[in-house]
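Colleague: My structure is below; once you've seen it, I'll send some questions.
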Amino acid sequence: MRRLGEYLIFLWKMFSNRESFSTYLKLFFQECVTIGINSLFLIGFVSLFVGAVIALQMAYNIVSPLLPKYIIGLATREMMILEMAPTLSAIVFAGKVGSQIAGGIGTMRITEQIDALEVMGINSASYLVLPKIFAGMVMLPALAVLSGALGIWGGWLATIFGDLSPVEDYIYGIQNQFVAFEVPFAIIKAFVFGFIVTSISAFKGYNVKGGALEVGRASTEAVTTSCIAILAADFILADTLLS
Amino acid sequence: MIEIKNIQKTFQGKTVLSDISATFEQGKTNMIIGASGTGKSVLLKTIVGLFEPDAGSVFYDGRDFHQSNRKEQKIIRSEIGMLFQGSALFDSLTVADNVRFPLNVHSKMSESEKDDRVNTCLKRVGLEQAANKMPSEISGGMQKRVGIARAIVMKSQYLFCDEPNSGLDPQTAWMIDQLIHEITDEFNLTTVIVSHDMNSVMEIGEYIMFMYQGLKIWEGNKDTILDAEPKELRDFLFSNKLVRTFKGMQ
């Protein structure tokens, strides 16, 4: 509970005594590149293969001739959009970007760079963290949309090259019984996960005390805590928005 | 001039600073000395506002820093330059951008005026050739000089240095001492240096305050320190063989 209180105070500190809008805007675009564009390849790669594996495993599990083959496409679409694209992207994002944020800010803390900002009269929490949080909340939903598309494409490739079903069945499956709300639902989830990963990782890094060992520990804690928080938020959002 | 009055600071029940008062005059290199763990750096960080004192006040030319509102504190902070123990240069910025950083925060100069000011400061510390290098590409002594350039770029009135010689060879340390001393004279700064390097103390200590276990034990200057009475100070001073030899020669 004490850590939760410290986390909330940390969030409050970011929004008090802010810098100028132009300062944040410049940093925001830099962070979008650092934490968003630089994660494109990894998340794209993972999503493509996850989609392909879902299609393969669905085909493997359809043993009854009574089940239509288009279920492969339908299941791949449902799993990618509802769960894999936002949640898996967020977990990969936590591993890559979360550790990077905690390590970077933690190193700034132990090398007195944060103190240097404070001496200059800059609200270091706000200056360093706020652009990262907003970049995370914008870029992770974008990455989740891309992840969903690539996952479904991965399933399509697996269907063709694995000869799982006629391609027309797969195409029919990804269109059949489509619920449009699932896309904004996935985007909302990614938006929340983006906040969770960036704010928790920044909090862990910002509060490092000690040396290199503690920075490493903070990076690990940033990833594990983010992953736990993502899964908890995933459950709450699904329960709230889908029921 | 900086005045500190009855500063007290406690961490988790342990008193680190106990009723410290002192006056650091303008145009002088004021030094806070003492063994490791005596509270020198905590005092410096309290003076610059990184720590809030439990009791006491810090006055910058009569302005009470800790009682000032955010806007007033920001004005005082724009007049402060600080050289950190490990230089604290921003890893992701070039040398020139590090020096330029305070101007981007506080100044309304045009870009070309900022360029000129950065070049002047880098030239003053002899590093105009290193402007486009990254901090990781230059030596520790050069990083300290960049730190000094960043500290004076705003035409600061107050310069704080936390262990400016740590990790440097004697020749480079001497050069940094001289640079700080020259800059203090040239810009009529109020300079406060935390150090435990007796070579620095004897070179540039125009006002010296000795701390022991969170208390101010003695104050004076480099001409009077060798004759100081307190046992704690004498133990600190004469643990250095060079100082013992120097004292014997007098």
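Letters for chains follow the order of the structure tokens (A, B, ...), residue numbers begin at 1 for each chain, and ligand numbers begin at 1 in the order shown.
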Produce a table with one row for each residue of chain B that has an atom at most 9 Å from any atom of chain A, each row naming the nearest atom pair and its distance in Å at one decimal; use only C-alpha atoms; arrange rows by chain and rising residue number; format as a Markdown table.
Modeller:
```
| residue | atom | partner | partner_atom | distance |
| --- | --- | --- | --- | --- |
| B:Val48 | CA | A:Val119 | CA | 6.7 |
| B:Gly49 | CA | A:Val119 | CA | 7.2 |
| B:Leu50 | CA | A:Val119 | CA | 7.0 |
| B:Arg70 | CA | A:Asn17 | CA | 8.2 |
| B:Gln73 | CA | A:Gly121 | CA | 7.6 |
| B:Lys74 | CA | A:Gly121 | CA | 5.4 |
| B:Ile75 | CA | A:Gly121 | CA | 8.4 |
| B:Ile76 | CA | A:Gly121 | CA | 8.8 |
| B:Arg77 | CA | A:Gly121 | CA | 5.6 |
| B:Ser78 | CA | A:Met120 | CA | 6.4 |
| B:Glu79 | CA | A:Met120 | CA | 8.9 |
| B:Ile80 | CA | A:Met120 | CA | 7.4 |
| B:Gly81 | CA | A:Met120 | CA | 7.8 |
| B:Met82 | CA | A:Val119 | CA | 7.5 |
| B:Leu83 | CA | A:Ala116 | CA | 8.6 |
| B:Phe84 | CA | A:Glu112 | CA | 7.3 |
| B:Gln85 | CA | A:Glu112 | CA | 8.4 |
| B:Gly86 | CA | A:Thr111 | CA | 6.6 |
| B:Ser87 | CA | A:Glu112 | CA | 8.1 |
| B:Ala88 | CA | A:Gln113 | CA | 4.7 |
| B:Leu89 | CA | A:Gln113 | CA | 6.5 |
| B:Phe90 | CA | A:Gln113 | CA | 6.3 |
| B:Asp91 | CA | A:Met108 | CA | 8.6 |
| B:Pro102 | CA | A:Met120 | CA | 6.7 |
| B:Val105 | CA | A:Ile122 | CA | 7.9 |
| B:His106 | CA | A:Met120 | CA | 8.4 |
```
Colleague: Set the distance at 8 Å and use only C-alpha atoms: which residues neighbour range 78-94 of chain A once local chain neighbours fewer than 2 positions away are removed? I'd like the list as an NGL selection string.
Modeller: :A and (39 or 42-43 or 47 or 51 or 74-76 or 96-99 or 140-141 or 143-145 or 147-148 or 151-152 or 182-183 or 185-187 or 189-190 or 193-194 or 197 or 222-223 or 226-227 or 230-231 or 234)
Colleague: With only C-alpha atoms as the atoms that count, which of A:Ile71, A:Ile37, A:Met58, A:Val208 lies nearest to Glu168 in chain A?
Modeller: A:Ile71
Colleague: Find the residues around Asn98 in chain B up to 10 Å (only C-alpha atoms counted), leave out those fewer than 4 positions away in its own chain, and share them as number ranges by chain.
Modeller: B: 88-94, 102-103, 118, 131, 134-135, 146-147, 149-150
Colleague: What lies within 12 Å of Glu163 in chain B using only C-alpha atoms, ignoring chain neighbours under 5 positions off, as number ranges by chain?
Modeller: B: 31-36, 40-41, 44, 82-87, 144, 168, 173, 176-177, 192-198, 200-201
Colleague: Please, what distance in Å, to one decimal, runs between CA of Ile225 in chain B and CA of Phe24 in chain B?
Modeller: 17.1 Å
Colleague: Please provide as a ChimeraX atom specification all residues within 8 Å of range 212-217 of chain A, with the sequence filter that same-chain residues fewer than 5 positions apart are discarded (counting only C-alpha atoms).
Modeller: /A:102-103,106-107,205
Colleague: Residues of range 58-235 of chain B in strand (DSSP E) according to DSSP, as an NGL selection string?
Modeller: :B and (58-60 or 63-64 or 80-83 or 158-162 or 190-195 or 207-212 or 215-220)
Colleague: Keeping C-alpha atoms, export the residues of the selection given above as a short mmCIF file (atom, residue, chain, number, x, y, z; two decimals), in the first residue's frame.
Modeller:
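The result, stored in again_13.cif:
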```cif
data_model
loop_
_atom_site.label_atom_id
_atom_site.label_comp_id
_atom_site.auth_asym_id
_atom_site.auth_seq_id
_atom_site.Cartn_x
_atom_site.Cartn_y
_atom_site.Cartn_z
CA VAL B 58 19.19 29.72 3.33
CA PHE B 59 19.43 33.30 2.08
CA TYR B 60 20.59 34.18 -1.43
CA ARG B 63 16.14 36.07 -0.40
CA ASP B 64 15.00 33.15 1.77
CA ILE B 80 22.69 29.00 -9.71
CA GLY B 81 25.26 26.88 -11.49
CA MET B 82 26.34 23.54 -10.09
CA LEU B 83 29.20 21.20 -10.86
CA TYR B 158 26.30 31.40 -7.43
CA LEU B 159 28.54 28.47 -8.28
CA PHE B 160 28.39 25.22 -6.32
CA CYS B 161 30.92 22.43 -6.77
CA ASP B 162 30.54 19.02 -5.16
CA THR B 190 29.73 33.39 -4.75
CA THR B 191 31.39 30.00 -5.03
CA VAL B 192 30.86 27.16 -2.57
CA ILE B 193 33.00 24.04 -2.94
CA VAL B 194 32.64 20.81 -1.03
CA SER B 195 35.93 18.98 -0.85
CA TYR B 207 36.95 30.84 3.38
CA ILE B 208 37.02 27.38 4.88
CA MET B 209 34.42 25.71 7.04
CA PHE B 210 35.27 22.38 8.66
CA MET B 211 32.50 19.91 9.46
CA TYR B 212 32.62 16.91 11.74
CA LEU B 215 28.52 19.97 13.19
CA LYS B 216 30.47 23.04 12.15
CA ILE B 217 33.68 22.74 14.14
CA TRP B 218 35.82 25.53 12.72
CA GLU B 219 35.90 28.35 10.15
CA GLY B 220 38.82 30.36 8.81
#
```
Colleague: Using backbone DSSP assignments, extract all alpha helix (DSSP H) residues from range 115-208 of chain B; output them as a ChimeraX atom specification.
Modeller: /B:115-124,140-152,170-187,198-204
Colleague: Separation of CA of Asp169 in chain B and CA of Gly214 in chain B, in Å?
Modeller: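 So the answer is 29.0 Å.
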Colleague: List the spatial neighbours of Asp163 in chain A as a ChimeraX atom specification - criterion: any atom at most 12 Å away, only C-alpha atoms, same-chain residues fewer than 4 positions off excluded.
Modeller: /A:55-56,59-60,69,72,155-159,167,169-170
